[in-house]
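Peer 1: The structure that follows is given in the form of structure tokens.
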Number of protein chains: 2
Amino acid sequence: MKVYAEMNTPLRTIMTPGPVEVDPRVLRAMSNPILGQFDPAFTQMMNDTMEMLRELFQTKNQWAFPVDGTSRSGIEAVLTSVLEPGDKVLIPIYGRFGHLLTEIAERNEAEVHIIECKWGEVFDQQVIIDEMKRVKPKVLAIVHGETSTGCMQPIDEIGPACREQDVLCIVDAVASIGGTDLKVDEWQLDAVIGGTQKNLSVPSGMAPITYNDRIEKLISVRKKVERGVATEHDQVHVQHPIRSNYFDLTQLQDYWGPRRLNHHTEATSMIYALREGLRILLQEGLQERFARHRYHEKALMEGLKAMGLDLFNDVAWKLPMVTCINIPLGIDGESVRKMMLDQFGIEIASSFGPLQGKIWRIGTMGYSCRKENILFVLSALEAVLIRHGARIQIGKGLQAALDVYESATFEKKGRSY
Amino acid sequence: MKVYAEMNTPLRTIMTPGPVEVDPRVLRAMSNPILGQFDPAFTQMMNDTMEMLRELFQTKNQWAFPVDGTSRSGIEAVLTSVLEPGDKVLIPIYGRFGHLLTEIAERNEAEVHIIECKWGEVFDQQVIIDEMKRVKPKVLAIVHGETSTGCMQPIDEIGPACREQDVLCIVDAVASIGGTDLKVDEWQLDAVIGGTQKNLSVPSGMAPITYNDRIEKLISVRKKVERGVATEHDQVHVQHPIRSNYFDLTQLQDYWGPRRLNHHTEATSMIYALREGLRILLQEGLQERFARHRYHEKALMEGLKAMGLDLFNDVAWKLPMVTCINIPLGIDGESVRKMMLDQFGIEIASSFGPLQGKIWRIGTMGYSCRKENILFVLSALEAVLIRHGARIQIGKGLQAALDVYESATFEKKGRSY
């Protein structure tokens, strides 16, 4: 018999745009013994989670719960439940994850219309609104924060325009939720998908979503209950059922709602993690966390610029939690990343598609977004770049970051981030 | 600001057919700080997990990895990747989870043929084989262990018959994997889906699957790579793509295989849990765990019978890890379950469909399957039944179980279960 070694993982400083370091309190919550899925102590915890998710999404929607899967499972659950073959969808693309929306909509045989802009830019909202008026889609699906480019698409005017045109507005907020403002009700967004492994500092494996009664009404027509658990009042046949059982939001509603109809077996330990991550975030305060992200972003950006590096996304539409650096000419970006990991145990990211090999991406999200991490990544990057023969301003990066930290402190509830 | 209470869960004795108690070593593994998904230390852990899954499934298949979702996500991933609209599927149903297979196949617009037998019974394998020859399906999908009825369908002759008829044999082994023998290669099963929250004593949230090159070849025709990560050699359009992005096994292969093409962000902490659960299981030994399940099953059954209770599934085709009791006439089954939970902190299960209100189900799986749990559930059940006025043999249950335990010990590697 082969004996497998005990798990023995290295401890890393994770400065990517996700997954990021998990808050130690969340790790501890996961080591709690589990409960049965219908144990009243557990269903209470499910209800707590829904309540906290509503605060996270800044919504009064009844439905706010996680899908049991990674972030894209939430996107697919919403799109698959809403779309029927032939439905028109408009998708503005400004990075990798716009393509993901397209991909999922196409697999649902929707009629997909796209508009694209250069990676690194975002759309003027009016351009999207005009295109929507022209295409007249059933759904507008859009990414709020693109980690692939470090850009954030303003959507506060798009939601109301969708409502006016009776278009459903579905937003991928995986990267932005809990990191920067995302006002589901005020911006009139119909369905929003968040992520756990970024600003919530919870491991990947759950996809929190929320949607309003416009979506609920639409999907209720396609509702069908599994024959193994249906009662006589339930519809077991329906004309155009949702194509997925796992992602059927009407069934998830019956499981998360008061009926508690058995669907999947809820991923207990991940709910523990999500509940704890939400609790910690709300205890810190949404606005306080957003401000913290901005604070450390400033120190990081000042440090990088003082080092003489050129920022790819130093623009008005920058996503606060992702800072992208143009890889200096003649420098092998992957070799730098490898040395950062091998020598310092620090992980930073590369990018995709047209930006592959062109930029590095540094994430400052949730628990990873702390002073010691910012200072460590700056010092390591300087040393590694010197080792690679890059022409940089030596000794300037940390000084600039310390200037930021000394000019303003950010003490929050007894814990200095 | 509302302050949410810290998590503070009761400690339960979980004797249901899943989710069951998680091994404390697995809980500890989950509290480990996370790694990035492409960190070499993490991809090594993914490879370890695949290797151990092959041992669990008793297969040499290249593909053995978890889908990031609860057990049914694995079933849907396999069926959705394999089935195209109009494909014929034969599904023998002998409990709730046969209906689930039907439900998923129907949503994929397959032409579904079913044969049914009474809940509590299973099929003579020849009946299924004959029906298969008549229907000539592309796929035969069948449940190996039905937790809803506590029955296990023999499938050792069905696999070879499928191979002979060039039918793909897909098996839901969520309840049986790691609990009793399931020989993927020897029985010539083409795809098998396991569960984590039962015999592996890992929390719900991952669905380990395996499939052979017959399946791989079939799905490769529908392979399509996301435009956001595709290179020039990749197919981005295809005639009949797999209808789900999340469940597209060809994409999961590229992520779990040497190419490591970005798909979802692997659920790190759940991989830690799964890897540790598999390590513990293989350290105990597959056959040793199966024997342990049989050993405690015997003590439980003898105890229940001595108490004067009537077993629903005391049959040759009993699933060893689930023991079902006919609820005595005049006794309110739900009231008994509630008292077991409220007074003793013990969870046992009810059932579904035609068996709702008729039976209790006691699971003896993985870490929950230990002497102290068996003895505790017997003593609690006796006390609660007396409280409910049931006519039982008082004081006999524990004696019968102790007789079993004293007649044979089951000491395994320094740990007495």
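Here, A, B, ... name the chains of the structure tokens in the order displayed, residue numbers run from 1 inside each chain, and ligands are numbered from 1 in the same displayed order.
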Skipping near chain neighbours, those fewer than 6 positions away, what residues fall within 9 Å of Phe97 in chain A using only C-alpha atoms, listed as a PyMOL selection string?

Peer 2: (chain A and resi 142-143+146-148+172) or (chain B and resi 228)

Peer 1: With 7 Å as the cut-off and only C-alpha atoms counted, what is the closest atom pair between each nearby residue of chain B and chain A? Distances in Å to one decimal, ordered by chain and number, as a Markdown table.

Peer 2:
```
| residue | atom | partner | partner_atom | distance |
| --- | --- | --- | --- | --- |
| B:Val3 | CA | A:Gln283 | CA | 6.5 |
| B:Tyr4 | CA | A:Arg279 | CA | 6.2 |
| B:Thr9 | CA | A:Ala41 | CA | 6.8 |
| B:Leu11 | CA | A:Pro33 | CA | 6.9 |
| B:Arg12 | CA | A:Leu35 | CA | 6.8 |
| B:Pro19 | CA | A:Gly36 | CA | 6.2 |
| B:Glu21 | CA | A:Ile34 | CA | 6.5 |
| B:Val22 | CA | A:Pro33 | CA | 6.7 |
| B:Leu27 | CA | A:Ser31 | CA | 4.4 |
| B:Arg28 | CA | A:Ser31 | CA | 5.6 |
| B:Met30 | CA | A:Ser31 | CA | 6.2 |
| B:Ser31 | CA | A:Leu27 | CA | 4.4 |
| B:Asn32 | CA | A:Leu27 | CA | 6.8 |
| B:Pro33 | CA | A:Val22 | CA | 6.7 |
| B:Ile34 | CA | A:Glu21 | CA | 6.5 |
| B:Leu35 | CA | A:Arg12 | CA | 6.8 |
| B:Gly36 | CA | A:Pro19 | CA | 6.1 |
| B:Ala41 | CA | A:Thr9 | CA | 6.7 |
| B:Asp68 | CA | A:Gly69 | CA | 5.5 |
| B:Gly69 | CA | A:Gly69 | CA | 4.8 |
| B:Thr70 | CA | A:His264 | CA | 6.5 |
| B:Arg72 | CA | A:His264 | CA | 6.7 |
| B:Ser73 | CA | A:Tyr246 | CA | 6.2 |
| B:Arg96 | CA | A:Gly228 | CA | 4.6 |
| B:His99 | CA | A:Gly228 | CA | 5.6 |
| B:Leu100 | CA | A:Glu226 | CA | 6.9 |
| B:Glu103 | CA | A:Glu226 | CA | 6.6 |
| B:Ile104 | CA | A:Asn245 | CA | 6.0 |
| B:Arg107 | CA | A:Arg243 | CA | 4.9 |
| B:Asn108 | CA | A:Arg243 | CA | 6.3 |
| B:Pro203 | CA | A:Ser269 | CA | 6.4 |
| B:Ser204 | CA | A:Ala267 | CA | 4.5 |
| B:Gly205 | CA | A:Ala267 | CA | 4.7 |
| B:Glu226 | CA | A:Glu103 | CA | 6.6 |
| B:Arg227 | CA | A:His99 | CA | 6.1 |
| B:Gly228 | CA | A:Arg96 | CA | 4.6 |
| B:Val229 | CA | A:Gly353 | CA | 6.0 |
| B:Pro241 | CA | A:Arg107 | CA | 6.7 |
| B:Arg243 | CA | A:Arg107 | CA | 4.9 |
| B:Ser244 | CA | A:Arg107 | CA | 6.2 |
| B:Asn245 | CA | A:Ile104 | CA | 6.0 |
| B:Tyr246 | CA | A:Ser73 | CA | 6.2 |
| B:His264 | CA | A:Thr70 | CA | 6.5 |
| B:Thr265 | CA | A:Ser204 | CA | 6.5 |
| B:Glu266 | CA | A:Ser204 | CA | 6.6 |
| B:Ala267 | CA | A:Ser204 | CA | 4.5 |
| B:Thr268 | CA | A:Pro203 | CA | 6.4 |
| B:Ser269 | CA | A:Pro203 | CA | 6.4 |
| B:Arg279 | CA | A:Tyr4 | CA | 6.2 |
| B:Gln283 | CA | A:Val3 | CA | 6.5 |
| B:Phe352 | CA | A:Val229 | CA | 6.2 |
| B:Gly353 | CA | A:Val229 | CA | 5.9 |
```

Peer 1: Using only C-alpha atoms, which protein or nucleic acid residues come within 8 Å of range 163-168 of chain A? Drop anything in the same chain fewer than 4 positions from it, and give the result as an MDAnalysis selection string.

Peer 2: chainID A and resid 133 136:140 159 188:190 215

Peer 1: Residues of range 84-264 of chain B classed as alpha helix (DSSP H) by DSSP on the backbone are to be reported as a PyMOL selection string.

Peer 2: chain B and resi 96-107+125-135+158-165+213-220+249-256

Peer 1: Mind the document's chain letters and residue numbers, and return as a list in words the residues of range 191-411 of chain A that DSSP labels strand (DSSP E).

Peer 2: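 Secondary structure check on range 191-411 of chain A, strand (DSSP E): Ala191, Val192, Ile193, Ala207, Pro208, Ile209, Thr210, Tyr211, Val322, Thr323, Cys324, Ile325, Asn326, Ile346, Glu347, Ile359, Trp360, Arg361, Ile362, Gly363 and Glu411 of chain A.
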
Peer 1: Ala408 in chain B: which residues within 12 Å, counting only C-alpha atoms, same-chain residues fewer than 3 positions away excluded, as a CSV table (one decimal) with C-alpha atoms, in the first residue's frame?

Peer 2:
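File selection-v6.csv, as written:
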```csv
chain,number,residue,atom,x,y,z
B,292,ARG,CA,-15.8,-1.8,9.3
B,295,TYR,CA,-19.2,-4.7,11.4
B,296,HIS,CA,-21.1,-1.8,12.8
B,298,LYS,CA,-24.3,-5.9,12.2
B,299,ALA,CA,-24.2,-4.4,15.7
B,401,ALA,CA,-25.1,-4.8,20.1
B,402,LEU,CA,-22.6,-5.4,22.9
B,403,ASP,CA,-22.9,-9.1,22.1
B,404,VAL,CA,-21.7,-8.3,18.6
B,405,TYR,CA,-18.9,-6.1,19.8
B,411,GLU,CA,-9.0,-3.0,15.9
```

Peer 1: Pick the closest to Gly366 in chain B from B:Ile91, B:Ala400, B:Leu83, B:Ala175: which is it, counting only C-alpha atoms?

Peer 2: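 Looking only at the distances to Gly366 in chain B, the closest residue turns out to be B:Ala175.
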
Peer 1: If I take CA of Ile374 in chain A and CA of Leu311 in chain A, how far is one from the other in Å, to one decimal?

Peer 2: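 These two atoms are separated by 15.9 Å.
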
Peer 1: Measure the distance from CA of Leu200 in chain B to CA of Val384 in chain B in Å and round it to one decimal.

Peer 2: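 Here the two named atoms are 29.9 Å from each other.
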
Peer 1: Looking at only C-alpha atoms, which of B:Ile93, B:Val127, B:Cys169, B:Ala207 is the one that sits closest to Ile271 in chain B?

Peer 2: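 Checking each of B:Ile93, B:Val127, B:Cys169, B:Ala207 against Ile271 in chain B, counting only C-alpha atoms, the winner is B:Ala207.
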
Peer 1: To one decimal place, how far is CA of Val89 in chain B from CA of Pro66 in chain B in Å?

Peer 2: 24.1 Å

Peer 1: Give me, as a list of chain:residue names, all polymer residues having an atom no more than 8 Å from Leu90 in chain A, counting only C-alpha atoms and skipping those fewer than 6 positions away in the same chain.

Peer 2: A:Val112, A:His113, A:Ile114, A:Ile115, A:Met132, A:Val135, A:Pro137, A:Val139, A:Leu140, A:Ala141

Peer 1: Find the residues near range 288-291 of chain B: any atom within 8 Å, counting only C-alpha atoms, skip ones fewer than 5 places away on the same chain, and give them as a PDB file with all heavy atoms, in the first residue's frame.

Peer 2:
```
ATOM      1  N   GLY B 178     -16.511   4.363  -1.522  1.00  0.00           N
ATOM      2  CA  GLY B 178     -15.764   4.413  -0.264  1.00  0.00           C
ATOM      3  C   GLY B 178     -16.479   3.712   0.874  1.00  0.00           C
ATOM      4  O   GLY B 178     -15.977   3.670   1.996  1.00  0.00           O
ATOM      5  N   GLY B 179     -17.653   3.154   0.579  1.00  0.00           N
ATOM      6  CA  GLY B 179     -18.421   2.506   1.638  1.00  0.00           C
ATOM      7  C   GLY B 179     -18.480   1.005   1.444  1.00  0.00           C
ATOM      8  O   GLY B 179     -18.454   0.234   2.395  1.00  0.00           O
ATOM      9  N   THR B 180     -18.550   0.612   0.177  1.00  0.00           N
ATOM     10  CA  THR B 180     -18.656  -0.791  -0.188  1.00  0.00           C
ATOM     11  C   THR B 180     -18.008  -0.935  -1.564  1.00  0.00           C
ATOM     12  O   THR B 180     -17.737   0.069  -2.222  1.00  0.00           O
ATOM     13  CB  THR B 180     -20.144  -1.216  -0.179  1.00  0.00           C
ATOM     14  OG1 THR B 180     -20.249  -2.617  -0.363  1.00  0.00           O
ATOM     15  CG2 THR B 180     -20.957  -0.501  -1.243  1.00  0.00           C
ATOM     16  N   ASP B 181     -17.769  -2.157  -1.990  1.00  0.00           N
ATOM     17  CA  ASP B 181     -16.997  -2.330  -3.224  1.00  0.00           C
ATOM     18  C   ASP B 181     -17.674  -1.720  -4.454  1.00  0.00           C
ATOM     19  O   ASP B 181     -18.875  -1.878  -4.654  1.00  0.00           O
ATOM     20  CB  ASP B 181     -16.740  -3.827  -3.480  1.00  0.00           C
ATOM     21  CG  ASP B 181     -15.255  -4.161  -3.411  1.00  0.00           C
ATOM     22  OD1 ASP B 181     -14.442  -3.276  -3.763  1.00  0.00           O
ATOM     23  OD2 ASP B 181     -14.923  -5.281  -3.003  1.00  0.00           O
ATOM     24  N   LEU B 281      -8.738   7.552   4.209  1.00  0.00           N
ATOM     25  CA  LEU B 281      -9.422   6.342   3.755  1.00  0.00           C
ATOM     26  C   LEU B 281      -8.414   5.311   3.240  1.00  0.00           C
ATOM     27  O   LEU B 281      -8.478   4.130   3.584  1.00  0.00           O
ATOM     28  CB  LEU B 281     -10.435   6.697   2.658  1.00  0.00           C
ATOM     29  CG  LEU B 281     -11.491   5.643   2.314  1.00  0.00           C
ATOM     30  CD1 LEU B 281     -12.653   6.291   1.584  1.00  0.00           C
ATOM     31  CD2 LEU B 281     -10.955   4.502   1.480  1.00  0.00           C
ATOM     32  N   GLY B 366     -18.512   6.192   7.122  1.00  0.00           N
ATOM     33  CA  GLY B 366     -17.253   6.878   7.392  1.00  0.00           C
ATOM     34  C   GLY B 366     -17.012   7.129   8.864  1.00  0.00           C
ATOM     35  O   GLY B 366     -17.073   6.210   9.691  1.00  0.00           O
TER      36      GLY B 366
END
```

Peer 1: Would you pick out the contacts of His293 in chain B at 7 Å or less, using only C-alpha atoms, so that residues sharing its chain but fewer than 5 positions from it are not included, and give the list as a list of chain:residue names?

Peer 2: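 Answer for this query is B:Gly179, B:Pro320, B:Met321, B:Thr364, B:Met365, B:Cys369.
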
Peer 1: Include all heavy atoms and write out the residues we just selected as a JSON list (two decimals), in the first residue's frame.

Peer 2:
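To be explicit, this is the file written out as result02.json:
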```json
[["chain", "number", "residue", "atom", "x", "y", "z"],
["B", 179, "GLY", "N", -17.65, 3.15, 0.58],
["B", 179, "GLY", "CA", -18.42, 2.51, 1.64],
["B", 179, "GLY", "C", -18.48, 1.01, 1.44],
["B", 179, "GLY", "O", -18.45, 0.23, 2.39],
["B", 320, "PRO", "N", -25.04, -1.56, 2.77],
["B", 320, "PRO", "CA", -24.52, -1.80, 4.13],
["B", 320, "PRO", "C", -24.52, -0.57, 5.03],
["B", 320, "PRO", "O", -24.62, -0.70, 6.25],
["B", 320, "PRO", "CB", -23.07, -2.26, 3.87],
["B", 320, "PRO", "CG", -23.02, -2.71, 2.46],
["B", 320, "PRO", "CD", -24.07, -1.95, 1.72],
["B", 321, "MET", "N", -24.42, 0.62, 4.44],
["B", 321, "MET", "CA", -24.26, 1.82, 5.26],
["B", 321, "MET", "C", -25.58, 2.50, 5.61],
["B", 321, "MET", "O", -25.58, 3.57, 6.22],
["B", 321, "MET", "CB", -23.35, 2.83, 4.56],
["B", 321, "MET", "CG", -21.93, 2.34, 4.31],
["B", 321, "MET", "SD", -21.82, 1.19, 2.89],
["B", 321, "MET", "CE", -22.22, 2.25, 1.51],
["B", 364, "THR", "N", -24.62, 4.68, 8.66],
["B", 364, "THR", "CA", -23.39, 4.30, 9.38],
["B", 364, "THR", "C", -22.25, 4.42, 8.37],
["B", 364, "THR", "O", -21.80, 3.43, 7.81],
["B", 364, "THR", "CB", -23.49, 2.86, 9.93],
["B", 364, "THR", "OG1", -24.03, 2.02, 8.90],
["B", 364, "THR", "CG2", -24.40, 2.81, 11.13],
["B", 365, "MET", "N", -21.86, 5.65, 8.14],
["B", 365, "MET", "CA", -20.91, 5.95, 7.08],
["B", 365, "MET", "C", -19.66, 6.63, 7.62],
["B", 365, "MET", "O", -19.75, 7.55, 8.43],
["B", 365, "MET", "CB", -21.57, 6.91, 6.08],
["B", 365, "MET", "CG", -22.76, 6.31, 5.34],
["B", 365, "MET", "SD", -23.64, 7.58, 4.37],
["B", 365, "MET", "CE", -24.48, 6.53, 3.17],
["B", 369, "CYS", "N", -19.48, 6.13, 11.56],
["B", 369, "CYS", "CA", -19.64, 4.69, 11.78],
["B", 369, "CYS", "C", -18.64, 4.20, 12.82],
["B", 369, "CYS", "O", -17.62, 3.60, 12.50],
["B", 369, "CYS", "CB", -19.45, 3.98, 10.43],
["B", 369, "CYS", "SG", -19.73, 2.20, 10.53]]
```
